[in-house]
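Below: run19.cif (mmCIF, C-alpha atoms)
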```cif
data_work
#
loop_
_atom_site.label_atom_id
_atom_site.label_comp_id
_atom_site.auth_asym_id
_atom_site.auth_seq_id
_atom_site.Cartn_x
_atom_site.Cartn_y
_atom_site.Cartn_z
CA MET Y 1 0.00 0.00 0.00
CA HIS Y 2 1.19 3.49 -0.78
CA ALA Y 3 1.52 6.17 1.84
CA GLN Y 4 -1.60 8.02 0.74
CA ASP Y 5 -3.68 4.83 0.76
CA ILE Y 6 -2.69 4.11 4.35
CA ILE Y 7 -3.49 7.64 5.46
CA ARG Y 8 -6.78 7.53 3.60
CA SER Y 9 -7.73 4.23 5.21
CA ILE Y 10 -7.02 5.70 8.66
CA GLU Y 11 -9.22 8.67 7.81
CA ALA Y 12 -11.93 6.49 6.31
CA GLU Y 13 -12.54 4.83 9.68
CA GLN Y 14 -13.65 8.15 11.10
CA LEU Y 15 -15.52 9.69 8.20
CA LYS Y 16 -19.27 9.98 8.61
CA SER Y 17 -21.22 8.36 5.82
CA ASP Y 18 -24.66 9.72 6.66
CA LEU Y 19 -23.91 13.40 6.08
CA PRO Y 20 -26.15 15.37 3.76
CA VAL Y 21 -24.57 17.27 0.87
CA ILE Y 22 -23.97 20.75 2.19
CA TYR Y 23 -23.69 23.75 -0.13
CA VAL Y 24 -22.67 27.29 0.65
CA GLY Y 25 -25.80 29.37 1.19
CA ASP Y 26 -27.79 26.59 2.80
CA THR Y 27 -29.48 27.07 6.12
CA VAL Y 28 -28.50 24.20 8.37
CA LYS Y 29 -29.43 22.98 11.82
CA ILE Y 30 -26.54 21.40 13.67
CA GLY Y 31 -26.80 19.32 16.81
CA VAL Y 32 -23.73 20.01 18.92
CA ILE Y 33 -22.93 17.72 21.84
CA ILE Y 34 -22.13 19.73 24.93
CA GLN Y 35 -20.53 18.38 28.07
CA GLU Y 36 -22.01 19.72 31.30
CA GLY Y 37 -20.24 18.15 34.23
CA ASN Y 38 -20.79 14.47 33.57
CA LYS Y 39 -23.90 14.97 31.48
CA GLU Y 40 -23.99 15.26 27.74
CA ARG Y 41 -26.72 17.05 25.91
CA THR Y 42 -27.33 18.21 22.39
CA GLN Y 43 -27.62 21.89 21.64
CA PRO Y 44 -29.04 22.96 18.30
CA TYR Y 45 -27.39 25.71 16.30
CA GLU Y 46 -29.06 27.05 13.20
CA GLY Y 47 -27.65 29.41 10.62
CA VAL Y 48 -26.42 30.01 7.09
CA VAL Y 49 -23.34 28.21 5.74
CA ILE Y 50 -21.12 31.05 4.58
CA ALA Y 51 -17.96 29.06 3.84
CA LYS Y 52 -16.63 25.56 3.41
CA ARG Y 53 -12.97 24.72 3.94
CA ASN Y 54 -10.76 21.71 3.37
CA GLY Y 55 -11.91 18.25 2.50
CA SER Y 56 -12.09 14.71 3.80
CA ILE Y 57 -11.55 14.36 7.55
CA ASN Y 58 -10.64 18.03 7.96
CA GLU Y 59 -13.73 19.47 6.28
CA THR Y 60 -15.20 22.44 8.10
CA ILE Y 61 -18.20 24.70 7.57
CA THR Y 62 -18.64 28.20 8.89
CA VAL Y 63 -22.19 28.85 10.03
CA ARG Y 64 -23.44 32.38 10.63
CA ARG Y 65 -26.49 33.49 12.49
CA VAL Y 66 -27.63 36.73 14.03
CA PHE Y 67 -28.39 36.21 17.69
CA GLN Y 68 -29.90 39.07 19.72
CA GLY Y 69 -28.70 41.54 17.13
CA ILE Y 70 -25.13 40.27 17.22
CA GLY Y 71 -23.66 38.23 14.37
CA VAL Y 72 -22.25 34.89 15.54
CA GLU Y 73 -20.09 32.64 13.38
CA ARG Y 74 -19.12 29.15 14.39
CA VAL Y 75 -16.78 26.82 12.57
CA PHE Y 76 -17.76 23.17 12.71
CA LEU Y 77 -15.52 20.22 11.96
CA VAL Y 78 -18.09 18.27 9.99
CA HIS Y 79 -16.78 14.78 10.74
CA SER Y 80 -16.19 15.41 14.44
CA PRO Y 81 -17.97 13.07 16.87
CA ARG Y 82 -18.99 16.19 18.80
CA ILE Y 83 -21.40 16.99 15.98
CA GLU Y 84 -24.38 14.77 16.42
CA SER Y 85 -26.42 15.73 13.37
CA ILE Y 86 -26.54 18.13 10.47
CA LYS Y 87 -29.90 18.89 8.89
CA ILE Y 88 -30.52 21.00 5.83
CA VAL Y 89 -33.36 23.38 6.62
CA ARG Y 90 -33.35 25.37 3.39
CA ARG Y 91 -31.31 25.42 0.21
CA GLY Y 92 -29.99 28.82 -0.79
CA LYS Y 93 -29.20 30.27 -4.19
CA VAL Y 94 -25.90 32.11 -4.13
CA ARG Y 95 -23.23 32.96 -6.69
CA ARG Y 96 -20.19 32.92 -4.47
CA ALA Y 97 -18.20 30.27 -2.63
CA LYS Y 98 -17.62 32.50 0.38
CA LEU Y 99 -20.47 34.67 1.65
CA TYR Y 100 -18.35 37.00 3.77
CA PHE Y 101 -20.29 39.98 2.39
CA LEU Y 102 -23.14 38.97 4.69
CA ARG Y 103 -21.08 40.28 7.61
CA ASP Y 104 -21.54 43.83 6.37
CA ARG Y 105 -25.26 43.52 5.91
CA VAL Y 106 -28.11 43.73 8.38
CA GLY Y 107 -31.78 42.91 8.38
CA LYS Y 108 -33.53 42.34 5.10
CA ALA Y 109 -30.33 42.56 3.08
CA THR Y 110 -29.08 39.31 4.58
CA ARG Y 111 -31.86 37.26 3.01
CA ILE Y 112 -30.77 34.54 0.62
CA LYS Y 113 -33.03 33.41 -2.20
CA GLN Y 114 -34.25 29.86 -1.86
CA ARG Y 115 -33.53 27.29 -4.55
CA PHE Y 116 -35.62 24.22 -5.07
CA ASP Y 117 -33.62 22.10 -7.51
CA ARG Y 118 -31.37 20.55 -4.87
CA GLY Y 119 -32.76 17.71 -2.80
CA MET T 120 19.46 3.05 26.43
CA SER T 121 16.55 1.30 24.91
CA VAL T 122 15.83 -0.25 21.58
CA GLY T 123 13.60 1.63 19.21
CA ILE T 124 12.36 0.90 15.75
CA LEU T 125 13.10 2.28 12.30
CA GLY T 126 10.33 3.57 10.07
CA THR T 127 9.22 5.79 7.24
CA LYS T 128 7.25 8.97 7.62
CA LEU T 129 4.06 8.68 5.57
CA GLY T 130 2.40 12.00 6.26
CA MET T 131 0.05 13.73 8.64
CA THR T 132 -3.66 13.55 9.32
CA GLN T 133 -5.92 13.89 12.32
CA VAL T 134 -7.82 11.46 14.49
CA PHE T 135 -10.52 11.99 17.09
CA ASP T 136 -10.02 10.90 20.69
CA GLU T 137 -12.75 9.59 23.03
CA ALA T 138 -13.71 13.12 24.00
CA GLY T 139 -14.22 13.98 20.33
CA LYS T 140 -11.17 16.22 20.15
CA ALA T 141 -9.24 16.25 16.88
CA ILE T 142 -5.60 15.28 17.45
CA PRO T 143 -2.97 16.04 14.79
CA VAL T 144 -0.96 12.89 14.16
CA THR T 145 1.95 11.80 12.02
CA VAL T 146 1.57 8.41 10.39
CA ILE T 147 4.79 6.39 10.59
CA GLN T 148 5.23 3.05 8.90
CA ALA T 149 7.59 1.34 11.32
CA GLY T 150 9.26 -2.02 11.04
CA PRO T 151 9.43 -4.90 10.76
CA CYS T 152 13.10 -4.55 11.66
CA SER T 153 15.33 -7.57 11.86
CA VAL T 154 18.27 -7.91 14.21
CA THR T 155 21.28 -8.14 11.92
CA GLN T 156 24.02 -8.22 14.51
CA VAL T 157 24.37 -8.61 18.27
CA LYS T 158 27.46 -6.98 19.72
CA THR T 159 28.67 -8.06 23.13
CA GLN T 160 31.25 -6.90 25.61
CA GLN T 161 33.46 -9.90 24.87
CA THR T 162 33.52 -9.66 21.08
CA ASP T 163 33.18 -5.94 20.39
CA GLY T 164 34.03 -4.17 23.63
CA TYR T 165 30.49 -2.87 24.10
CA ALA T 166 26.97 -4.27 24.02
CA ALA T 167 24.59 -3.26 21.25
CA ILE T 168 22.22 -4.63 18.68
CA GLN T 169 22.03 -3.65 15.05
CA LEU T 170 18.66 -3.35 13.35
CA GLY T 171 18.02 -3.41 9.62
CA TYR T 172 15.05 -1.82 7.91
CA GLY T 173 13.77 -1.19 4.41
CA GLU T 174 13.71 -3.64 1.57
CA ALA T 175 16.28 -3.10 -1.15
CA LYS T 176 17.42 -4.83 -4.27
CA ALA T 177 20.57 -6.90 -3.93
CA LYS T 178 22.26 -4.87 -6.65
CA ALA T 179 21.73 -1.66 -4.66
CA LEU T 180 24.04 -2.91 -1.93
CA SER T 181 27.76 -3.45 -1.99
CA LYS T 182 29.28 -6.91 -1.64
CA PRO T 183 30.54 -6.24 1.91
CA GLU T 184 27.05 -5.11 2.92
CA LEU T 185 25.48 -8.21 1.39
CA GLY T 186 28.06 -10.37 3.10
CA HIS T 187 27.28 -8.76 6.42
CA LEU T 188 23.55 -9.38 5.99
CA GLN T 189 24.26 -12.95 4.86
CA LYS T 190 25.52 -13.70 8.37
CA SER T 191 22.08 -12.99 9.82
CA ASN T 192 20.27 -14.59 6.87
CA THR T 193 18.24 -11.48 6.10
CA SER T 194 17.19 -10.21 2.72
CA PRO T 195 18.96 -7.05 1.47
CA LEU T 196 18.11 -4.08 3.68
CA ARG T 197 18.51 -0.39 3.02
CA HIS T 198 19.21 0.96 6.49
CA LEU T 199 21.18 -0.35 9.45
CA LYS T 200 21.08 1.25 12.87
CA GLU T 201 22.78 0.35 16.11
CA TYR T 202 21.28 0.65 19.61
CA ARG T 203 23.61 0.55 22.63
CA LEU T 204 22.33 -1.65 25.43
CA ASP T 205 23.44 -2.74 28.87
CA ASP T 206 22.35 -6.29 28.20
CA THR T 207 21.64 -7.90 24.85
CA GLY T 208 20.19 -11.05 26.43
CA GLU T 209 16.69 -10.79 25.01
CA PHE T 210 17.83 -10.28 21.42
CA GLU T 211 19.14 -12.82 18.97
CA ILE T 212 20.25 -12.60 15.36
CA GLY T 213 17.41 -12.75 12.85
CA GLN T 214 14.75 -11.73 15.37
CA GLN T 215 11.99 -9.48 14.00
CA LEU T 216 10.98 -6.34 15.87
CA ILE T 217 7.55 -4.91 15.07
CA VAL T 218 5.49 -1.96 16.25
CA ASP T 219 4.06 -4.08 19.08
CA ARG T 220 7.00 -2.88 21.13
CA PHE T 221 5.10 0.37 21.58
CA THR T 222 1.76 0.93 23.26
CA ALA T 223 -0.78 3.69 22.85
CA GLY T 224 -0.11 6.47 25.31
CA GLN T 225 3.62 5.79 25.47
CA ILE T 226 6.02 8.75 25.26
CA VAL T 227 8.59 8.48 22.47
CA ASP T 228 11.40 10.46 20.89
CA VAL T 229 11.51 10.62 17.09
CA VAL T 230 14.86 11.11 15.38
CA GLY T 231 15.10 12.10 11.74
CA VAL T 232 16.75 14.40 9.25
CA SER T 233 15.06 17.80 8.94
CA ILE T 234 13.95 19.20 5.59
CA GLY T 235 16.94 20.72 3.79
CA ARG T 236 16.42 24.39 3.01
CA GLY T 237 19.68 24.99 1.18
CA PHE T 238 21.61 28.22 1.66
CA ALA T 239 19.27 30.27 3.80
CA GLY T 240 19.54 33.90 4.82
CA TYR T 241 19.53 35.53 8.23
CA GLN T 242 15.78 35.78 8.64
CA LYS T 243 15.00 32.18 7.80
CA ARG T 244 18.03 30.63 9.48
CA HIS T 245 18.37 32.67 12.68
CA ASN T 246 15.08 34.57 12.92
CA PHE T 247 16.75 37.98 12.53
CA LYS T 248 14.44 40.96 12.13
CA ARG T 249 14.34 42.51 8.71
CA GLY T 250 14.78 46.18 7.86
CA PRO T 251 12.04 48.44 6.52
CA MET T 252 10.96 47.55 2.99
CA ALA T 253 10.04 51.11 1.99
CA HIS T 254 10.63 54.80 2.81
CA GLY T 255 13.94 54.77 0.94
CA SER T 256 15.42 51.98 3.00
CA LYS T 257 17.95 49.79 1.27
CA ASN T 258 18.38 47.56 4.31
CA HIS T 259 15.84 44.81 3.69
CA ARG T 260 17.27 41.47 4.76
CA ALA T 261 20.80 42.50 5.72
CA PRO T 262 22.41 41.16 8.91
CA GLY T 263 23.30 44.44 10.64
CA SER T 264 26.57 44.66 12.52
CA THR T 265 28.81 41.62 12.84
CA GLY T 266 30.82 43.05 15.71
CA ALA T 267 33.23 45.80 16.76
CA GLY T 268 35.82 47.38 14.42
CA THR T 269 39.61 47.57 14.63
CA THR T 270 39.56 45.91 18.03
CA PRO T 271 39.27 42.91 17.75
CA GLY T 272 39.63 43.33 13.99
CA ARG T 273 37.87 40.09 13.23
CA VAL T 274 34.47 38.49 13.47
CA TYR T 275 34.09 36.24 16.46
CA PRO T 276 33.58 32.55 15.74
CA GLY T 277 30.00 31.47 16.17
CA LYS T 278 28.59 34.73 14.76
CA ARG T 279 25.23 33.80 13.26
CA MET T 280 25.31 34.21 9.52
CA ALA T 281 23.66 32.91 6.38
CA GLY T 282 24.41 29.34 5.39
CA ARG T 283 23.10 25.85 5.00
CA LEU T 284 19.88 25.28 6.92
CA GLY T 285 18.15 22.01 7.60
CA GLY T 286 19.21 18.59 6.41
CA SER T 287 20.62 17.84 9.84
CA GLN T 288 19.64 15.29 12.45
CA VAL T 289 16.84 16.47 14.68
CA THR T 290 15.25 14.77 17.67
CA ILE T 291 11.70 15.65 18.53
CA ARG T 292 11.26 14.63 22.14
CA LYS T 293 8.32 13.42 24.18
CA LEU T 294 5.73 12.72 21.53
CA THR T 295 2.75 10.62 22.53
CA VAL T 296 1.91 7.43 20.66
CA VAL T 297 -1.78 7.73 19.81
CA ARG T 298 -2.34 4.41 18.14
CA VAL T 299 -0.42 1.25 17.26
CA ASP T 300 -1.58 -0.77 14.27
CA SER T 301 0.45 -3.95 14.13
CA GLU T 302 -1.58 -5.24 11.20
CA ARG T 303 -0.36 -2.51 8.87
CA ASN T 304 2.88 -1.83 10.80
CA VAL T 305 1.76 1.73 11.44
CA LEU T 306 2.36 4.05 14.36
CA LEU T 307 0.34 7.21 14.92
CA VAL T 308 2.32 9.79 16.87
CA LYS T 309 0.85 13.05 18.11
CA GLY T 310 2.50 16.07 16.55
CA SER T 311 4.97 16.59 13.77
CA VAL T 312 8.26 14.83 13.08
CA PRO T 313 11.35 15.83 11.06
CA GLY T 314 11.58 15.42 7.30
CA LYS T 315 9.20 15.01 4.43
CA PRO T 316 7.00 11.98 3.72
CA GLY T 317 9.29 9.10 2.82
CA ALA T 318 11.98 10.16 5.26
CA LEU T 319 13.69 7.59 7.48
CA LEU T 320 12.78 7.92 11.15
CA ASN T 321 14.07 6.36 14.31
CA VAL T 322 11.37 6.01 16.98
CA VAL T 323 12.73 5.30 20.46
CA PRO T 324 11.14 5.28 23.91
CA ALA T 325 11.65 8.75 25.36
CA THR T 326 14.78 9.47 27.34
CA ILE T 327 13.54 11.32 30.38
CA VAL T 328 16.11 13.07 32.55
CA GLY T 329 16.60 11.34 35.88
CA ASN T 330 14.76 8.25 34.70
CA ARG T 331 17.59 6.07 33.49
CA GLU T 332 16.55 2.50 32.85
#
```
Can I see the file as structure tokens?
Amino acid sequence: MHAQDIIRSIEAEQLKSDLPVIYVGDTVKIGVIIQEGNKERTQPYEGVVIAKRNGSINETITVRRVFQGIGVERVFLVHSPRIESIKIVRRGKVRRAKLYFLRDRVGKATRIKQRFDRG
Amino acid sequence: MSVGILGTKLGMTQVFDEAGKAIPVTVIQAGPCSVTQVKTQQTDGYAAIQLGYGEAKAKALSKPELGHLQKSNTSPLRHLKEYRLDDTGEFEIGQQLIVDRFTAGQIVDVVGVSIGRGFAGYQKRHNFKRGPMAHGSKNHRAPGSTGAGTTPGRVYPGKRMAGRLGGSQVTIRKLTVVRVDSERNVLLVKGSVPGKPGALLNVVPATIVGNRE
């Protein structure tokens, strides 16, 4: 086996197979496992995917939401066991790979058009 | 002194621990290494074992090398490495050492040759500050002063200057073994190790000061 094959097989053990296809512009709901003392619970986090980075085991998405008037962005390691679930709430129609321009917009201007051709 | 294992750096990736944390790991293909020679106090004046690693074609080795390997009945090997020991009792010629010698959670030192960077300047080699790039400055990456003038009239030895960087032996100490895969002869070690993928590495149990075995 070549070096890359071995590394890929190590990564493959940890990749999640049940992930939905996530596009930039989608609104997603992510279940994040949070440790409180000895208890674990799932906290939902919903927002717009404004960027995707890297691939394979290191794939991350940046999810932005406006919470109590303050913009919050969280980066999620998609294949991490800390992420319980990712659900697509709404598909968005955008023309860029990185939606950083949303940071400068407020209110109605942050709306993203919905697209219906993606499952 | 303890016996380690020879291996090849394959590259880096990340794995998740029980808590779900991503840990950066280097994948090292280590062993199997065969014992090619056992040196003892009586025959050689010191006790050590010699390990061989890396398959090679017979024509890639010289006749003396082949003859030496013939004694231990091993196929042609690329690399030989000696480990000094107090007692060579548990080792015999022809014995195979595999990654089983290590356990997950063990602390190891990794020895290898760092990436060669050729003739490197002051900033890259010694982390000098650079001069201003603009406002009429012509002092961009120059070294500054190399010492006093007429007295002593020379530059002191050891003055840090440009020159060859990298390509030298480096030991990265106290890395944690994250996983041992004896099926594929693979070690996962937390953190980075010297060299590029394909580089020869020597993984030994960590030498901890005051903890001599």
Practice problem: Compile the residues of chain Y that lie within 8 Å of chain T, evaluated using only C-alpha atoms, and express the compilation as a PyMOL selection string. | Solution: chain Y and resi 3-4+7+11+14+57-58+80-82
Could you name the residues that touch Phe76 in chain Y at 12 Å or less, counting all atoms listed in the file, but leaving out those on the same chain fewer than 4 positions away, as a PDB file with C-alpha atoms, in the frame of the given file?
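result-v1.pdb written:
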```
ATOM      1  CA  VAL Y  28     -28.500  24.200   8.370  1.00  0.00           C
ATOM      2  CA  LYS Y  29     -29.430  22.980  11.820  1.00  0.00           C
ATOM      3  CA  ILE Y  30     -26.540  21.400  13.670  1.00  0.00           C
ATOM      4  CA  GLY Y  31     -26.800  19.320  16.810  1.00  0.00           C
ATOM      5  CA  VAL Y  32     -23.730  20.010  18.920  1.00  0.00           C
ATOM      6  CA  ILE Y  33     -22.930  17.720  21.840  1.00  0.00           C
ATOM      7  CA  TYR Y  45     -27.390  25.710  16.300  1.00  0.00           C
ATOM      8  CA  GLU Y  46     -29.060  27.050  13.200  1.00  0.00           C
ATOM      9  CA  GLY Y  47     -27.650  29.410  10.620  1.00  0.00           C
ATOM     10  CA  VAL Y  49     -23.340  28.210   5.740  1.00  0.00           C
ATOM     11  CA  ILE Y  50     -21.120  31.050   4.580  1.00  0.00           C
ATOM     12  CA  ALA Y  51     -17.960  29.060   3.840  1.00  0.00           C
ATOM     13  CA  LYS Y  52     -16.630  25.560   3.410  1.00  0.00           C
ATOM     14  CA  ARG Y  53     -12.970  24.720   3.940  1.00  0.00           C
ATOM     15  CA  ASN Y  54     -10.760  21.710   3.370  1.00  0.00           C
ATOM     16  CA  ILE Y  57     -11.550  14.360   7.550  1.00  0.00           C
ATOM     17  CA  ASN Y  58     -10.640  18.030   7.960  1.00  0.00           C
ATOM     18  CA  GLU Y  59     -13.730  19.470   6.280  1.00  0.00           C
ATOM     19  CA  THR Y  60     -15.200  22.440   8.100  1.00  0.00           C
ATOM     20  CA  ILE Y  61     -18.200  24.700   7.570  1.00  0.00           C
ATOM     21  CA  THR Y  62     -18.640  28.200   8.890  1.00  0.00           C
ATOM     22  CA  VAL Y  63     -22.190  28.850  10.030  1.00  0.00           C
ATOM     23  CA  ARG Y  64     -23.440  32.380  10.630  1.00  0.00           C
ATOM     24  CA  SER Y  80     -16.190  15.410  14.440  1.00  0.00           C
ATOM     25  CA  PRO Y  81     -17.970  13.070  16.870  1.00  0.00           C
ATOM     26  CA  ARG Y  82     -18.990  16.190  18.800  1.00  0.00           C
ATOM     27  CA  ILE Y  83     -21.400  16.990  15.980  1.00  0.00           C
ATOM     28  CA  GLU Y  84     -24.380  14.770  16.420  1.00  0.00           C
ATOM     29  CA  SER Y  85     -26.420  15.730  13.370  1.00  0.00           C
ATOM     30  CA  ILE Y  86     -26.540  18.130  10.470  1.00  0.00           C
TER      31      ILE Y  86
ATOM     32  CA  ALA T 141      -9.240  16.250  16.880  1.00  0.00           C
TER      33      ALA T 141
END
```
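The protein and nucleic acid residues lying at most 12 Å from range 251-265 of chain T are Ala239, Gly240, Tyr241, Gln242, Lys243, Arg244, His245, Asn246, Phe247, Lys248, Gly268, Pro271, Gly272, Arg273, Val274, Tyr275, Pro276, Gly277, Lys278, Arg279, Met280 and Ala281 of chain T, with all atoms listed in the file considered and sequence neighbours fewer than 3 positions away removed.
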Can you write just those residues out, C-alpha atoms, as a CSV table (one decimal), in the coordinates of the input?
```csv
chain,number,residue,atom,x,y,z
T,239,ALA,CA,19.3,30.3,3.8
T,240,GLY,CA,19.5,33.9,4.8
T,241,TYR,CA,19.5,35.5,8.2
T,242,GLN,CA,15.8,35.8,8.6
T,243,LYS,CA,15.0,32.2,7.8
T,244,ARG,CA,18.0,30.6,9.5
T,245,HIS,CA,18.4,32.7,12.7
T,246,ASN,CA,15.1,34.6,12.9
T,247,PHE,CA,16.8,38.0,12.5
T,248,LYS,CA,14.4,41.0,12.1
T,268,GLY,CA,35.8,47.4,14.4
T,271,PRO,CA,39.3,42.9,17.8
T,272,GLY,CA,39.6,43.3,14.0
T,273,ARG,CA,37.9,40.1,13.2
T,274,VAL,CA,34.5,38.5,13.5
T,275,TYR,CA,34.1,36.2,16.5
T,276,PRO,CA,33.6,32.6,15.7
T,277,GLY,CA,30.0,31.5,16.2
T,278,LYS,CA,28.6,34.7,14.8
T,279,ARG,CA,25.2,33.8,13.3
T,280,MET,CA,25.3,34.2,9.5
T,281,ALA,CA,23.7,32.9,6.4
```
Practice problem: For Tyr23 in chain Y, work out the shell of residues within 8 Å, counting all atoms listed in the file and skipping chain neighbours fewer than 2 positions away, then give it as an MDAnalysis selection string. | Solution: chainID Y and resid 21 25:26 49 91
Quiz item: Just so the selection is clear, what residues does the PyMOL selection byres ((chain T and resi 290) around 10) cover here, as a PyMOL selection string?
Solution: chain T and resi 228-233+287-289+291-293+312-313+320-322
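Selection by the PyMOL selection byres ((chain T and resi 193) around 10) on the present file picks out Ser153, Val154, Thr155, Gly171, Leu185, His187, Leu188, Gln189, Lys190, Ser191, Asn192, Ser194, Pro195, Leu196, Ile212, Gly213 and Gln214 of chain T.
Atom to atom, CA of Ser301 in chain T and CA of Gly123 in chain T stand 15.2 Å apart.
From CA of Ala267 in chain T back to CA of Gly282 in chain T, the distance works out to 21.9 Å.
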Quiz prompt | Selection under test: the PyMOL selection byres ((chain T and resi 302) around 12); residues as a list in words | solution = Ile6 of chain Y; Gln148, Ala149, Gly150, Pro151, Ile217, Val218, Asp219, Arg298, Val299, Asp300, Ser301, Arg303, Asn304, Val305 and Leu306 of chain T
Give me, as an mmCIF file with C-alpha atoms, in the coordinates of the input, all polymer residues having an atom no more than 12 Å from range 101-106 of chain Y, counting only C-alpha atoms and skipping those fewer than 3 positions away in the same chain.
```
data_model
loop_
_atom_site.group_PDB
_atom_site.id
_atom_site.type_symbol
_atom_site.label_atom_id
_atom_site.label_comp_id
_atom_site.auth_asym_id
_atom_site.auth_seq_id
_atom_site.Cartn_x
_atom_site.Cartn_y
_atom_site.Cartn_z
ATOM 1 C CA GLY Y 25 -25.800 29.370 1.190
ATOM 2 C CA VAL Y 48 -26.420 30.010 7.090
ATOM 3 C CA VAL Y 49 -23.340 28.210 5.740
ATOM 4 C CA ILE Y 50 -21.120 31.050 4.580
ATOM 5 C CA ALA Y 51 -17.960 29.060 3.840
ATOM 6 C CA VAL Y 63 -22.190 28.850 10.030
ATOM 7 C CA ARG Y 64 -23.440 32.380 10.630
ATOM 8 C CA ARG Y 65 -26.490 33.490 12.490
ATOM 9 C CA VAL Y 66 -27.630 36.730 14.030
ATOM 10 C CA PHE Y 67 -28.390 36.210 17.690
ATOM 11 C CA GLY Y 69 -28.700 41.540 17.130
ATOM 12 C CA ILE Y 70 -25.130 40.270 17.220
ATOM 13 C CA GLY Y 71 -23.660 38.230 14.370
ATOM 14 C CA VAL Y 72 -22.250 34.890 15.540
ATOM 15 C CA GLU Y 73 -20.090 32.640 13.380
ATOM 16 C CA VAL Y 94 -25.900 32.110 -4.130
ATOM 17 C CA ARG Y 95 -23.230 32.960 -6.690
ATOM 18 C CA ARG Y 96 -20.190 32.920 -4.470
ATOM 19 C CA ALA Y 97 -18.200 30.270 -2.630
ATOM 20 C CA LYS Y 98 -17.620 32.500 0.380
ATOM 21 C CA ALA Y 109 -30.330 42.560 3.080
ATOM 22 C CA THR Y 110 -29.080 39.310 4.580
ATOM 23 C CA ARG Y 111 -31.860 37.260 3.010
ATOM 24 C CA ILE Y 112 -30.770 34.540 0.620
#
```
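The interatomic distance for the pair CA of Gln169 in chain T and CA of Leu125 in chain T works out to 11.1 Å.
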Is it possible to get the axis-aligned box enclosing range 147-150 of chain T (all listed atoms, 8 Å extra per side) as JSON, with centre and edge lengths in Å rounded to one decimal?
```
{"center_x": 7.0, "center_y": 2.2, "center_z": 10.1, "size_x": 20.5, "size_y": 24.4, "size_z": 18.4}
```
